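J.: So that you have it, the file is work_7.pdb, and it contains PDB, C-alpha atoms:
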```
ATOM      1  CA  MET A 677      87.487 -89.863  80.902
ATOM      2  CA  ARG A 678      89.630 -92.797  82.038
ATOM      3  CA  ALA A 679      90.623 -93.539  78.433
ATOM      4  CA  TYR A 680      91.413 -89.850  77.880
ATOM      5  CA  GLY A 681      93.546 -89.768  81.038
ATOM      6  CA  CYS A 682      95.425 -92.881  79.955
ATOM      7  CA  LEU A 683      96.066 -91.315  76.553
ATOM      8  CA  ILE A 684      97.537 -88.185  78.186
ATOM      9  CA  ALA A 685      99.723 -90.303  80.479
ATOM     10  CA  PHE A 686     100.955 -92.325  77.501
ATOM     11  CA  PHE A 687     101.715 -89.138  75.557
ATOM     12  CA  LEU A 688     103.722 -87.662  78.441
ATOM     13  CA  MET A 689     105.619 -90.890  78.993
ATOM     14  CA  THR A 690     106.592 -91.280  75.360
ATOM     15  CA  ASN A 691     107.723 -87.661  75.178
ATOM     16  CA  CYS A 692     109.907 -88.125  78.254
ATOM     17  CA  VAL A 693     111.404 -91.286  76.834
ATOM     18  CA  GLY A 694     111.952 -89.509  73.530
ATOM     19  CA  ALA A 695     113.987 -86.855  75.303
ATOM     20  CA  GLY A 696     116.624 -89.456  76.020
ATOM     21  CA  ALA A 697     116.385 -91.397  72.773
ATOM     22  CA  GLN A 698     117.348 -90.648  69.186
ATOM     23  CA  GLY A 699     116.547 -86.919  69.187
ATOM     24  CA  TYR A 700     118.311 -85.970  72.400
ATOM     25  CA  PRO A 701     119.889 -83.486  72.712
ATOM     26  CA  GLU A 702     118.213 -81.159  70.261
ATOM     27  CA  ARG A 703     119.689 -77.922  71.608
ATOM     28  CA  PRO A 704     122.636 -76.758  73.758
ATOM     29  CA  ILE A 705     123.088 -78.168  77.255
ATOM     30  CA  ARG A 706     123.865 -75.945  80.229
ATOM     31  CA  PHE A 707     126.240 -76.955  83.026
ATOM     32  CA  VAL A 708     125.944 -74.681  86.057
ATOM     33  CA  VAL A 709     129.163 -74.198  88.012
ATOM     34  CA  PRO A 710     128.269 -72.745  91.436
ATOM     35  CA  PHE A 711     131.602 -70.939  91.715
ATOM     36  CA  ALA A 712     133.481 -68.241  89.808
ATOM     37  CA  ALA A 713     135.367 -68.985  86.602
ATOM     38  CA  GLY A 714     138.988 -70.084  86.867
ATOM     39  CA  GLY A 715     138.733 -72.355  89.902
ATOM     40  CA  ALA A 716     139.144 -76.120  89.941
ATOM     41  CA  THR A 717     135.382 -76.761  89.668
ATOM     42  CA  ASP A 718     135.242 -74.542  86.591
ATOM     43  CA  ILE A 719     138.311 -76.119  84.963
ATOM     44  CA  VAL A 720     136.995 -79.669  85.437
ATOM     45  CA  THR A 721     133.545 -78.720  84.115
ATOM     46  CA  ARG A 722     134.958 -77.037  81.005
ATOM     47  CA  ALA A 723     137.156 -80.036  80.240
ATOM     48  CA  LEU A 724     134.186 -82.384  80.579
ATOM     49  CA  GLY A 725     131.963 -79.994  78.627
ATOM     50  CA  GLN A 726     134.284 -80.030  75.616
ATOM     51  CA  LYS A 727     134.183 -83.824  75.536
ATOM     52  CA  LEU A 728     130.391 -83.952  75.919
ATOM     53  CA  ALA A 729     129.900 -81.368  73.180
ATOM     54  CA  ALA A 730     131.918 -83.515  70.771
ATOM     55  CA  SER A 731     130.105 -86.753  71.614
ATOM     56  CA  LEU A 732     126.575 -85.290  71.849
ATOM     57  CA  GLY A 733     126.846 -82.986  68.846
ATOM     58  CA  GLN A 734     125.602 -79.945  70.741
ATOM     59  CA  PHE A 735     127.180 -76.975  72.479
ATOM     60  CA  VAL A 736     127.732 -77.337  76.222
ATOM     61  CA  ILE A 737     127.397 -73.930  77.872
ATOM     62  CA  ILE A 738     129.275 -73.392  81.139
ATOM     63  CA  ASP A 739     127.236 -71.071  83.355
ATOM     64  CA  ASN A 740     129.193 -69.747  86.364
ATOM     65  CA  ARG A 741     126.769 -68.810  89.147
ATOM     66  CA  GLY A 742     128.971 -68.219  92.171
ATOM     67  CA  GLY A 743     127.898 -66.978  95.581
ATOM     68  CA  ALA A 744     127.001 -68.155  99.072
ATOM     69  CA  GLY A 745     129.548 -70.976  99.021
ATOM     70  CA  GLY A 746     127.893 -72.721  96.077
ATOM     71  CA  VAL A 747     124.307 -72.408  97.341
ATOM     72  CA  ILE A 748     123.090 -70.020  94.622
ATOM     73  CA  GLY A 749     124.195 -72.110  91.647
ATOM     74  CA  THR A 750     123.037 -75.340  93.246
ATOM     75  CA  ASP A 751     119.586 -73.873  93.892
ATOM     76  CA  ILE A 752     119.260 -72.823  90.255
ATOM     77  CA  VAL A 753     119.662 -76.420  89.104
ATOM     78  CA  ALA A 754     117.577 -77.882  91.937
ATOM     79  CA  LYS A 755     114.640 -75.752  90.748
ATOM     80  CA  ALA A 756     115.267 -76.037  87.004
ATOM     81  CA  HIS A 757     112.847 -77.765  84.638
ATOM     82  CA  PRO A 758     113.908 -81.456  84.469
ATOM     83  CA  ASP A 759     114.082 -81.607  80.686
ATOM     84  CA  GLY A 760     117.665 -82.851  80.433
ATOM     85  CA  TYR A 761     119.193 -79.534  79.412
ATOM     86  CA  THR A 762     120.419 -78.218  82.774
ATOM     87  CA  PHE A 763     123.076 -79.899  84.923
ATOM     88  CA  LEU A 764     125.141 -79.058  87.986
ATOM     89  CA  MET A 765     128.787 -79.654  88.797
ATOM     90  CA  ALA A 766     128.582 -80.208  92.539
ATOM     91  CA  SER A 767     131.424 -80.486  95.025
ATOM     92  CA  ALA A 768     132.246 -81.380  98.614
ATOM     93  CA  ALA A 769     131.019 -77.876  99.490
ATOM     94  CA  ASN A 770     127.473 -79.136  98.986
ATOM     95  CA  ALA A 771     127.916 -81.774 101.672
ATOM     96  CA  ALA A 772     129.463 -79.206 104.015
ATOM     97  CA  ASN A 773     126.702 -76.665 103.380
ATOM     98  CA  ALA A 774     123.972 -79.153 104.216
ATOM     99  CA  SER A 775     125.515 -79.680 107.655
ATOM    100  CA  LEU A 776     126.440 -76.083 108.417
ATOM    101  CA  ILE A 777     123.778 -73.804 106.942
ATOM    102  CA  LYS A 778     120.283 -73.562 108.361
ATOM    103  CA  ASN A 779     117.294 -73.189 106.051
ATOM    104  CA  LEU A 780     118.921 -74.008 102.730
ATOM    105  CA  PRO A 781     116.503 -73.247  99.862
ATOM    106  CA  HIS A 782     116.788 -76.819  98.565
ATOM    107  CA  ASP A 783     117.337 -80.384  99.729
ATOM    108  CA  PHE A 784     120.369 -81.583  97.801
ATOM    109  CA  ILE A 785     119.638 -85.317  98.032
ATOM    110  CA  ARG A 786     115.896 -84.960  97.394
ATOM    111  CA  ASP A 787     115.998 -82.306  94.665
ATOM    112  CA  LEU A 788     118.890 -83.507  92.495
ATOM    113  CA  THR A 789     119.557 -86.642  90.453
ATOM    114  CA  PRO A 790     123.110 -88.072  90.463
ATOM    115  CA  ILE A 791     124.779 -88.615  87.082
ATOM    116  CA  THR A 792     128.407 -89.502  87.866
ATOM    117  CA  LEU A 793     131.268 -88.661  90.203
ATOM    118  CA  VAL A 794     133.840 -87.032  87.926
ATOM    119  CA  VAL A 795     136.959 -86.754  90.104
ATOM    120  CA  MET A 796     138.268 -86.965  93.633
ATOM    121  CA  SER A 797     140.381 -83.949  94.554
ATOM    122  CA  PRO A 798     142.820 -84.677  97.395
ATOM    123  CA  TYR A 799     144.157 -81.749  99.357
ATOM    124  CA  MET A 800     147.898 -81.404  99.862
ATOM    125  CA  LEU A 801     148.978 -80.623 103.415
ATOM    126  CA  VAL A 802     151.723 -78.027 103.122
ATOM    127  CA  THR A 803     153.688 -76.064 105.705
ATOM    128  CA  HIS A 804     156.146 -73.222 105.812
ATOM    129  CA  PRO A 805     159.665 -74.757 105.566
ATOM    130  CA  SER A 806     160.497 -73.673 109.109
ATOM    131  CA  VAL A 807     157.554 -75.567 110.599
ATOM    132  CA  ALA A 808     157.788 -79.257 109.691
ATOM    133  CA  LYS A 809     158.859 -81.685 107.008
ATOM    134  CA  THR A 810     156.613 -84.581 108.021
ATOM    135  CA  VAL A 811     153.173 -85.057 109.549
ATOM    136  CA  PRO A 812     154.583 -86.523 112.812
ATOM    137  CA  GLU A 813     156.830 -83.453 113.165
ATOM    138  CA  LEU A 814     153.850 -81.145 112.625
ATOM    139  CA  ILE A 815     151.708 -82.987 115.175
ATOM    140  CA  ALA A 816     154.506 -82.963 117.742
ATOM    141  CA  LEU A 817     155.029 -79.240 117.270
ATOM    142  CA  ALA A 818     151.302 -78.493 117.536
ATOM    143  CA  LYS A 819     151.047 -80.523 120.735
ATOM    144  CA  SER A 820     153.987 -78.644 122.243
ATOM    145  CA  LYS A 821     152.465 -75.301 121.219
ATOM    146  CA  PRO A 822     148.678 -75.596 121.495
ATOM    147  CA  ARG A 823     146.770 -72.887 119.574
ATOM    148  CA  GLN A 824     150.009 -71.353 118.284
ATOM    149  CA  ILE A 825     149.928 -72.950 114.818
ATOM    150  CA  ASN A 826     147.749 -71.066 112.315
ATOM    151  CA  TYR A 827     146.101 -72.747 109.353
ATOM    152  CA  ALA A 828     144.370 -71.201 106.344
ATOM    153  CA  SER A 829     141.192 -72.103 104.489
ATOM    154  CA  SER A 830     139.190 -70.675 101.612
ATOM    155  CA  GLY A 831     136.489 -69.656 104.092
ATOM    156  CA  THR A 832     134.617 -70.702 107.205
ATOM    157  CA  GLY A 833     132.651 -73.850 106.481
ATOM    158  CA  SER A 834     134.619 -74.697 103.349
ATOM    159  CA  SER A 835     135.724 -78.278 102.806
ATOM    160  CA  GLN A 836     139.321 -77.144 103.395
ATOM    161  CA  HIS A 837     138.298 -75.715 106.766
ATOM    162  CA  LEU A 838     136.517 -78.937 107.703
ATOM    163  CA  THR A 839     139.482 -81.010 106.552
ATOM    164  CA  ASN A 840     141.691 -79.228 109.070
ATOM    165  CA  VAL A 841     139.006 -79.554 111.751
ATOM    166  CA  MET A 842     139.041 -83.311 111.166
ATOM    167  CA  PHE A 843     142.845 -83.312 111.255
ATOM    168  CA  ASP A 844     142.855 -81.539 114.629
ATOM    169  CA  LEU A 845     140.300 -83.942 116.071
ATOM    170  CA  MET A 846     142.002 -87.111 114.839
ATOM    171  CA  ALA A 847     145.550 -85.938 115.639
ATOM    172  CA  GLY A 848     144.575 -84.622 119.064
ATOM    173  CA  ILE A 849     145.868 -81.084 118.472
ATOM    174  CA  GLU A 850     144.508 -77.517 118.562
ATOM    175  CA  THR A 851     145.375 -75.159 115.721
ATOM    176  CA  VAL A 852     143.905 -71.750 114.851
ATOM    177  CA  HIS A 853     141.697 -71.182 111.817
ATOM    178  CA  ILE A 854     142.445 -68.148 109.615
ATOM    179  CA  PRO A 855     139.851 -67.893 106.820
ATOM    180  CA  TYR A 856     140.779 -66.204 103.530
ATOM    181  CA  LYS A 857     138.793 -65.027 100.523
ATOM    182  CA  GLY A 858     141.318 -66.122  97.909
ATOM    183  CA  ALA A 859     144.235 -68.502  97.412
ATOM    184  CA  GLY A 860     146.613 -65.729  96.350
ATOM    185  CA  ALA A 861     146.579 -64.155  99.795
ATOM    186  CA  VAL A 862     146.922 -67.579 101.424
ATOM    187  CA  PHE A 863     150.081 -68.440  99.510
ATOM    188  CA  ALA A 864     151.593 -65.029 100.165
ATOM    189  CA  ASP A 865     151.120 -65.481 103.920
ATOM    190  CA  LEU A 866     152.184 -69.132 103.858
ATOM    191  CA  VAL A 867     155.407 -68.376 102.016
ATOM    192  CA  SER A 868     156.165 -65.474 104.356
ATOM    193  CA  GLY A 869     155.428 -67.570 107.451
ATOM    194  CA  ARG A 870     152.415 -65.581 108.698
ATOM    195  CA  ILE A 871     150.466 -68.855 108.596
ATOM    196  CA  GLN A 872     152.090 -72.211 109.183
ATOM    197  CA  MET A 873     149.945 -74.835 107.442
ATOM    198  CA  PHE A 874     147.320 -75.258 104.738
ATOM    199  CA  PHE A 875     145.315 -78.111 103.204
ATOM    200  CA  SER A 876     145.524 -76.793  99.662
ATOM    201  CA  ALA A 877     144.010 -77.808  96.355
ATOM    202  CA  ILE A 878     146.944 -79.380  94.547
ATOM    203  CA  PRO A 879     147.064 -77.324  91.301
ATOM    204  CA  GLY A 880     147.414 -73.989  93.073
ATOM    205  CA  VAL A 881     150.161 -74.994  95.489
ATOM    206  CA  LEU A 882     152.373 -76.995  93.128
ATOM    207  CA  PRO A 883     154.485 -74.037  91.900
ATOM    208  CA  HIS A 884     155.341 -73.175  95.511
ATOM    209  CA  VAL A 885     156.210 -76.803  96.327
ATOM    210  CA  LYS A 886     158.433 -77.115  93.260
ATOM    211  CA  ALA A 887     160.162 -73.835  94.133
ATOM    212  CA  GLY A 888     160.882 -75.104  97.638
ATOM    213  CA  LYS A 889     158.906 -72.281  99.235
ATOM    214  CA  VAL A 890     156.628 -74.689 101.123
ATOM    215  CA  ASN A 891     156.942 -78.305 102.244
ATOM    216  CA  ALA A 892     154.501 -80.933 100.940
ATOM    217  CA  LEU A 893     153.857 -83.294 103.848
ATOM    218  CA  ALA A 894     150.966 -85.480 102.712
ATOM    219  CA  VAL A 895     147.718 -85.737 100.773
ATOM    220  CA  SER A 896     144.370 -85.882 102.525
ATOM    221  CA  SER A 897     142.783 -88.791 100.641
ATOM    222  CA  ALA A 898     142.698 -92.444 101.664
ATOM    223  CA  THR A 899     144.923 -93.305  98.688
ATOM    224  CA  ARG A 900     147.830 -91.411  97.177
ATOM    225  CA  SER A 901     147.371 -88.914  94.387
ATOM    226  CA  MET A 902     147.699 -90.545  90.958
ATOM    227  CA  GLY A 903     149.745 -87.597  89.770
ATOM    228  CA  PHE A 904     152.064 -87.421  92.789
ATOM    229  CA  PRO A 905     152.403 -90.967  94.154
ATOM    230  CA  GLN A 906     155.650 -90.109  95.941
ATOM    231  CA  ILE A 907     153.752 -88.046  98.525
ATOM    232  CA  PRO A 908     152.271 -90.159 101.359
ATOM    233  CA  THR A 909     148.748 -89.861 102.710
ATOM    234  CA  VAL A 910     147.944 -88.347 106.099
ATOM    235  CA  ALA A 911     146.647 -91.775 107.114
ATOM    236  CA  GLU A 912     150.024 -93.344 106.280
ATOM    237  CA  SER A 913     151.795 -90.604 108.198
ATOM    238  CA  GLY A 914     150.463 -91.189 111.695
ATOM    239  CA  VAL A 915     146.723 -90.432 111.525
ATOM    240  CA  PRO A 916     145.133 -93.817 110.655
ATOM    241  CA  GLY A 917     141.763 -93.647 108.933
ATOM    242  CA  PHE A 918     142.093 -90.016 107.836
ATOM    243  CA  ASP A 919     140.231 -89.446 104.566
ATOM    244  CA  MET A 920     139.018 -85.969 103.600
ATOM    245  CA  SER A 921     139.014 -85.025  99.934
ATOM    246  CA  GLY A 922     137.336 -82.562  97.688
ATOM    247  CA  TRP A 923     135.303 -83.963  94.808
ATOM    248  CA  TYR A 924     133.346 -82.861  91.749
ATOM    249  CA  GLY A 925     130.353 -84.630  90.275
ATOM    250  CA  ALA A 926     127.503 -84.060  87.833
ATOM    251  CA  LEU A 927     123.821 -83.984  88.769
ATOM    252  CA  ALA A 928     120.514 -83.052  87.147
ATOM    253  CA  PRO A 929     117.241 -81.752  88.590
ATOM    254  CA  ARG A 930     114.932 -84.295  90.196
ATOM    255  CA  GLY A 931     112.559 -85.847  87.686
ATOM    256  CA  VAL A 932     114.850 -85.774  84.655
ATOM    257  CA  PRO A 933     113.947 -88.707  82.346
ATOM    258  CA  ALA A 934     115.891 -91.908  83.020
ATOM    259  CA  PRO A 935     117.084 -92.197  79.385
ATOM    260  CA  VAL A 936     118.718 -88.768  79.739
ATOM    261  CA  VAL A 937     120.500 -89.848  82.926
ATOM    262  CA  ASP A 938     121.723 -92.992  81.185
ATOM    263  CA  ARG A 939     122.905 -91.093  78.083
ATOM    264  CA  ILE A 940     124.763 -88.357  79.945
ATOM    265  CA  ASN A 941     126.278 -90.881  82.345
ATOM    266  CA  LYS A 942     127.516 -93.022  79.464
ATOM    267  CA  GLU A 943     129.047 -90.076  77.601
ATOM    268  CA  ALA A 944     130.564 -88.552  80.759
ATOM    269  CA  VAL A 945     132.173 -91.822  81.856
ATOM    270  CA  LYS A 946     133.586 -92.291  78.355
ATOM    271  CA  ALA A 947     135.011 -88.777  78.465
ATOM    272  CA  ILE A 948     136.538 -89.202  81.930
ATOM    273  CA  SER A 949     138.228 -92.452  80.917
ATOM    274  CA  SER A 950     139.685 -91.067  77.665
ATOM    275  CA  PRO A 951     143.518 -90.899  77.685
ATOM    276  CA  ASP A 952     143.784 -87.139  77.112
ATOM    277  CA  MET A 953     141.186 -86.308  79.779
ATOM    278  CA  ARG A 954     142.869 -88.599  82.302
ATOM    279  CA  GLU A 955     146.248 -87.049  81.538
ATOM    280  CA  LEU A 956     144.831 -83.557  82.100
ATOM    281  CA  LEU A 957     143.085 -84.441  85.368
ATOM    282  CA  ILE A 958     145.934 -86.498  86.846
ATOM    283  CA  GLY A 959     148.382 -83.747  85.943
ATOM    284  CA  MET A 960     146.278 -81.404  88.080
ATOM    285  CA  GLY A 961     146.535 -83.766  91.040
ATOM    286  CA  LEU A 962     142.980 -85.051  90.575
ATOM    287  CA  ASN A 963     141.947 -88.710  90.610
ATOM    288  CA  PRO A 964     139.467 -89.494  87.772
ATOM    289  CA  VAL A 965     136.462 -91.649  88.721
ATOM    290  CA  GLY A 966     133.441 -91.939  86.404
ATOM    291  CA  ASN A 967     130.917 -94.260  88.083
ATOM    292  CA  THR A 968     127.229 -95.177  87.833
ATOM    293  CA  PRO A 969     124.395 -92.969  89.111
ATOM    294  CA  LYS A 970     123.673 -95.551  91.822
ATOM    295  CA  GLU A 971     127.312 -95.601  92.966
ATOM    296  CA  TYR A 972     127.451 -91.817  92.956
ATOM    297  CA  ALA A 973     124.216 -91.610  94.976
ATOM    298  CA  GLU A 974     125.703 -93.890  97.619
ATOM    299  CA  PHE A 975     128.906 -91.842  97.659
ATOM    300  CA  ILE A 976     126.885 -88.658  98.225
ATOM    301  CA  ARG A 977     124.957 -90.277 101.068
ATOM    302  CA  LYS A 978     128.183 -91.248 102.821
ATOM    303  CA  GLU A 979     129.720 -87.793 102.288
ATOM    304  CA  PHE A 980     126.675 -86.067 103.790
ATOM    305  CA  GLU A 981     126.787 -88.436 106.744
ATOM    306  CA  LYS A 982     130.524 -87.841 107.240
ATOM    307  CA  TYR A 983     130.191 -84.059 107.212
ATOM    308  CA  SER A 984     127.139 -84.161 109.458
ATOM    309  CA  ASN A 985     128.988 -86.238 112.038
ATOM    310  CA  LEU A 986     132.033 -83.973 111.825
ATOM    311  CA  THR A 987     130.159 -80.703 112.267
ATOM    312  CA  LYS A 988     128.228 -82.102 115.231
ATOM    313  CA  ARG A 989     131.393 -83.400 116.843
ATOM    314  CA  ALA A 990     133.171 -80.077 116.331
ATOM    315  CA  GLN A 991     130.013 -78.076 117.210
ATOM    316  CA  LEU A 992     130.218 -76.009 114.034
ATOM    317  CA  LYS A 993     127.328 -74.022 112.554
ATOM    318  CA  ILE A 994     126.882 -71.119 110.148
ATOM    319  CA  ASP A 995     123.761 -68.971 110.539
TER     320      ASP A 995
END
```
Turn this file's structure into C-alpha cells for me.

T.:
Amino acid sequence: MRAYGCLIAFFLMTNCVGAGAQGYPERPIRFVVPFAAGGATDIVTRALGQKLAASLGQFVIIDNRGGAGGVIGTDIVAKAHPDGYTFLMASAANAANASLIKNLPHDFIRDLTPITLVVMSPYMLVTHPSVAKTVPELIALAKSKPRQINYASSGTGSSQHLTNVMFDLMAGIETVHIPYKGAGAVFADLVSGRIQMFFSAIPGVLPHVKAGKVNALAVSSATRSMGFPQIPTVAESGVPGFDMSGWYGALAPRGVPAPVVDRINKEAVKAISSPDMRELLIGMGLNPVGNTPKEYAEFIRKEFEKYSNLTKRAQLKID
C-alpha cells in the first residue's frame, strides 16, 4: 500500500509540474475582471491579455464579473480549480473590502496566489476652478469652512473614498463624502460646482483638466505620475507621508503549480516592460511595475495592513 501511495503521489506531482512545463498552456486562459467592462481594471487586463496571448500561443479570455465592489469576481477565482487556467486582476478595492466588509466569502491572502503587480494607479486630486489651485489653498479653505467642502467617490468603501478619508485625517480637515455610482455624474457635478473636490482616476479626468474645467492640484502617490511629472504629489504639497494609490495585479487560486506561477510571471513582466505596453499605460497616467510573486505578496500584505489601520482609525465599516 505504501508503494502504491508513493506511486500516486509521484503521478500527481509530475502532472502538476507538467502543467507548467512544455505543454502549458494547452487551452485558453481566463482572466476574471471583478468589475464591468470599460473601466481601468478592464482596460489594463485586456492590454495584458493581448500580450500574454501572443507569447503563450493561446487565447486569453477576459471574463467581466462585476458586483459587490469586486467581491463576486474575486470569489470566483478564489474558489476556482488551481489548474493554471483561471486568474484574477485584483485591485486596491480588495484591500479595502477586507477591512470594511464582514463575512467575506473568501480570505484574499490565504486563498489566492500572487503573480505580479501590474501597475500603480495614482489618483489625481482635482477641484472646481473656484475652489483652489493648490493643496495648501484647499486645506486652508477646508479649515476655514469645516464640513462645507463636498468630495465625490465611486462609492462608500471604495479606494477613492478611503483616499479622501486619509487626506482629511492627515491634513486635519473635515470634508463631506458624496458617493456616486458612476464617473459621468461625478464630472458633471464637479464641473458645475455642486461638488468641490475629487480624487479621480487619471484617464477619466484628463479631458476636463485639459479643457480647464477643473484644476489638477496633485497626485496621490508617493512619487509623481510617469505620464504627468509636472503635477506634484500630495506629500510634496503640504501633507508629508501621504501615499494612497490604486493598483492592479494578477493572482491565481491557491494551490496553482509553481511552474505555472513562474511562467505567467515571466511572460507578464516581459509584457509590462515592453515599449508599446509601457507607452499605453504611462499615457493613461499609470505607473508600470511588473515584480516577482514574493515582492507582490509583500506589497499586498502592506496594503491590507494600511487599509486596516485606516478603517479602524476612521471607524468605518460596511455591513

J.: Any chance you could work out the residue set of the PyMOL selection byres ((chain A and resi 918) around 12) here, as a PyMOL selection string?

T.: chain A and resi 798+839-847+894-899+909-917+919-921+982

J.: Which residues, named as in the file, does the PyMOL selection byres ((chain A and resi 806) around 10) pick out? Answer as a PyMOL selection string.

T.: chain A and resi 803-805+807-809+869+872+890-891

J.: Between CA of Leu866 in chain A and CA of Val885 in chain A, what distance in Å does the model show, to one decimal?

T.: 11.5 Å

J.: Got a sec: who's within 6 Å of range 954-965 of chain A, counting all atoms listed in the file, leaving out chain neighbours fewer than 5 positions off, as a PyMOL selection string?

T.: chain A and resi 794-797+878-879+903

J.: Enumerate, as a list in words, the residues matched when the PyMOL selection byres ((chain A and resi 833) around 10) is run on the file above.

T.: Gly745, Ala769, Ala772, Asn773, Ser775, Leu776, Ile777, Ser829, Ser830, Gly831, Thr832, Ser834, Ser835, Gln836, His837, Leu838, Thr839, Pro855, Thr987, Leu992, Lys993 and Ile994 of chain A

J.: Export, as a PDB file, in the frame of the given file, the selected residues with C-alpha atoms.

T.:
```pdb
ATOM      1  CA  GLY A 745     129.548 -70.976  99.021  1.00  0.00           C
ATOM      2  CA  ALA A 769     131.019 -77.876  99.490  1.00  0.00           C
ATOM      3  CA  ALA A 772     129.463 -79.206 104.015  1.00  0.00           C
ATOM      4  CA  ASN A 773     126.702 -76.665 103.380  1.00  0.00           C
ATOM      5  CA  SER A 775     125.515 -79.680 107.655  1.00  0.00           C
ATOM      6  CA  LEU A 776     126.440 -76.083 108.417  1.00  0.00           C
ATOM      7  CA  ILE A 777     123.778 -73.804 106.942  1.00  0.00           C
ATOM      8  CA  SER A 829     141.192 -72.103 104.489  1.00  0.00           C
ATOM      9  CA  SER A 830     139.190 -70.675 101.612  1.00  0.00           C
ATOM     10  CA  GLY A 831     136.489 -69.656 104.092  1.00  0.00           C
ATOM     11  CA  THR A 832     134.617 -70.702 107.205  1.00  0.00           C
ATOM     12  CA  SER A 834     134.619 -74.697 103.349  1.00  0.00           C
ATOM     13  CA  SER A 835     135.724 -78.278 102.806  1.00  0.00           C
ATOM     14  CA  GLN A 836     139.321 -77.144 103.395  1.00  0.00           C
ATOM     15  CA  HIS A 837     138.298 -75.715 106.766  1.00  0.00           C
ATOM     16  CA  LEU A 838     136.517 -78.937 107.703  1.00  0.00           C
ATOM     17  CA  THR A 839     139.482 -81.010 106.552  1.00  0.00           C
ATOM     18  CA  PRO A 855     139.851 -67.893 106.820  1.00  0.00           C
ATOM     19  CA  THR A 987     130.159 -80.703 112.267  1.00  0.00           C
ATOM     20  CA  LEU A 992     130.218 -76.009 114.034  1.00  0.00           C
ATOM     21  CA  LYS A 993     127.328 -74.022 112.554  1.00  0.00           C
ATOM     22  CA  ILE A 994     126.882 -71.119 110.148  1.00  0.00           C
TER      23      ILE A 994
END
```

J.: Quick one: 4 Å padding each side, axis-aligned, all listed atoms of range 831-840 of chain A - centre and edge lengths in Å to one decimal, as lines of an AutoDock Vina configuration file?

T.:
```
center_x = 137.2
center_y = -75.3
center_z = 105.9
size_x = 17.0
size_y = 19.4
size_z = 14.3
```

J.: Tell me which of A:Phe707, A:Phe875, A:Ser868, A:Val932 sits closest to Lys889 in chain A, counting only C-alpha atoms.

T.: A:Ser868

J.: In Å, how far is it from CA of Gly860 in chain A to CA of Gly714 in chain A?

T.: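 Separation between CA of Gly860 in chain A and CA of Gly714 in chain A: 12.9 Å.
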
J.: Quick one, how far is CA of Ala928 in chain A from CA of Pro790 in chain A?

T.: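 Going from CA of Ala928 in chain A over to CA of Pro790 in chain A covers 6.6 Å.
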
J.: Extract, using all atoms listed in the file, all DNA, RNA and protein residues at most 8 Å from Ala859 in chain A, discarding same-chain residues fewer than 3 positions from it, and format them as a PyMOL selection string.

T.: chain A and resi 830+856+862-863+880

J.: Take the residues from that selection and put them in a file with C-alpha atoms, as a PDB file, in the frame of the given file.

T.:
```pdb
ATOM      1  CA  SER A 830     139.190 -70.675 101.612  1.00  0.00           C
ATOM      2  CA  TYR A 856     140.779 -66.204 103.530  1.00  0.00           C
ATOM      3  CA  VAL A 862     146.922 -67.579 101.424  1.00  0.00           C
ATOM      4  CA  PHE A 863     150.081 -68.440  99.510  1.00  0.00           C
ATOM      5  CA  GLY A 880     147.414 -73.989  93.073  1.00  0.00           C
TER       6      GLY A 880
END
```

J.: What lies within 9 Å of His782 in chain A using all atoms listed in the file, ignoring chain neighbours under 6 positions off, as a list in words?

T.: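 Contacts, in chain order: Val747, Thr750, Asp751, Ala754 and Lys755 of chain A.
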
J.: What residues have an atom no more than 10 Å from (136.2, -81.8, 82.9) in the file's own frame, counting all atoms listed in the file, and can you write them as a PyMOL selection string?

T.: chain A and resi 716-728+765+794-795+924-925+944+947-948+953-954+956-957+964

J.: Kindly write N, CA and C atoms of range 924-934 of chain A from the structure just given to a file, as a PDB file, in the first residue's frame.

T.:
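Result file follows (decode05.pdb):
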```
ATOM      1  N   TYR A 924      -3.377  47.523  -9.721  1.00  0.00           N
ATOM      2  CA  TYR A 924      -3.934  46.336 -10.354  1.00  0.00           C
ATOM      3  C   TYR A 924      -2.857  45.267 -10.426  1.00  0.00           C
ATOM      4  N   GLY A 925      -3.225  44.049 -10.050  1.00  0.00           N
ATOM      5  CA  GLY A 925      -2.244  42.973 -10.052  1.00  0.00           C
ATOM      6  C   GLY A 925      -2.886  41.621 -10.283  1.00  0.00           C
ATOM      7  N   ALA A 926      -2.116  40.698 -10.840  1.00  0.00           N
ATOM      8  CA  ALA A 926      -2.615  39.377 -11.210  1.00  0.00           C
ATOM      9  C   ALA A 926      -2.382  38.366 -10.095  1.00  0.00           C
ATOM     10  N   LEU A 927      -3.388  37.507  -9.888  1.00  0.00           N
ATOM     11  CA  LEU A 927      -3.290  36.416  -8.925  1.00  0.00           C
ATOM     12  C   LEU A 927      -3.955  35.172  -9.494  1.00  0.00           C
ATOM     13  N   ALA A 928      -3.634  34.030  -8.884  1.00  0.00           N
ATOM     14  CA  ALA A 928      -4.232  32.751  -9.257  1.00  0.00           C
ATOM     15  C   ALA A 928      -4.826  32.113  -8.003  1.00  0.00           C
ATOM     16  N   PRO A 929      -5.642  31.087  -8.155  1.00  0.00           N
ATOM     17  CA  PRO A 929      -6.155  30.393  -6.970  1.00  0.00           C
ATOM     18  C   PRO A 929      -5.024  29.753  -6.162  1.00  0.00           C
ATOM     19  N   ARG A 930      -5.248  29.595  -4.877  1.00  0.00           N
ATOM     20  CA  ARG A 930      -4.267  28.916  -4.032  1.00  0.00           C
ATOM     21  C   ARG A 930      -4.061  27.487  -4.536  1.00  0.00           C
ATOM     22  N   GLY A 931      -2.811  27.049  -4.543  1.00  0.00           N
ATOM     23  CA  GLY A 931      -2.508  25.690  -4.947  1.00  0.00           C
ATOM     24  C   GLY A 931      -2.128  25.523  -6.398  1.00  0.00           C
ATOM     25  N   VAL A 932      -2.117  26.616  -7.171  1.00  0.00           N
ATOM     26  CA  VAL A 932      -1.704  26.519  -8.568  1.00  0.00           C
ATOM     27  C   VAL A 932      -0.244  26.076  -8.623  1.00  0.00           C
ATOM     28  N   PRO A 933       0.139  25.189  -9.532  1.00  0.00           N
ATOM     29  CA  PRO A 933       1.521  24.690  -9.572  1.00  0.00           C
ATOM     30  C   PRO A 933       2.556  25.810  -9.705  1.00  0.00           C
ATOM     31  N   ALA A 934       3.656  25.669  -8.989  1.00  0.00           N
ATOM     32  CA  ALA A 934       4.712  26.685  -9.008  1.00  0.00           C
ATOM     33  C   ALA A 934       5.240  26.972 -10.415  1.00  0.00           C
TER      34      ALA A 934
END
```
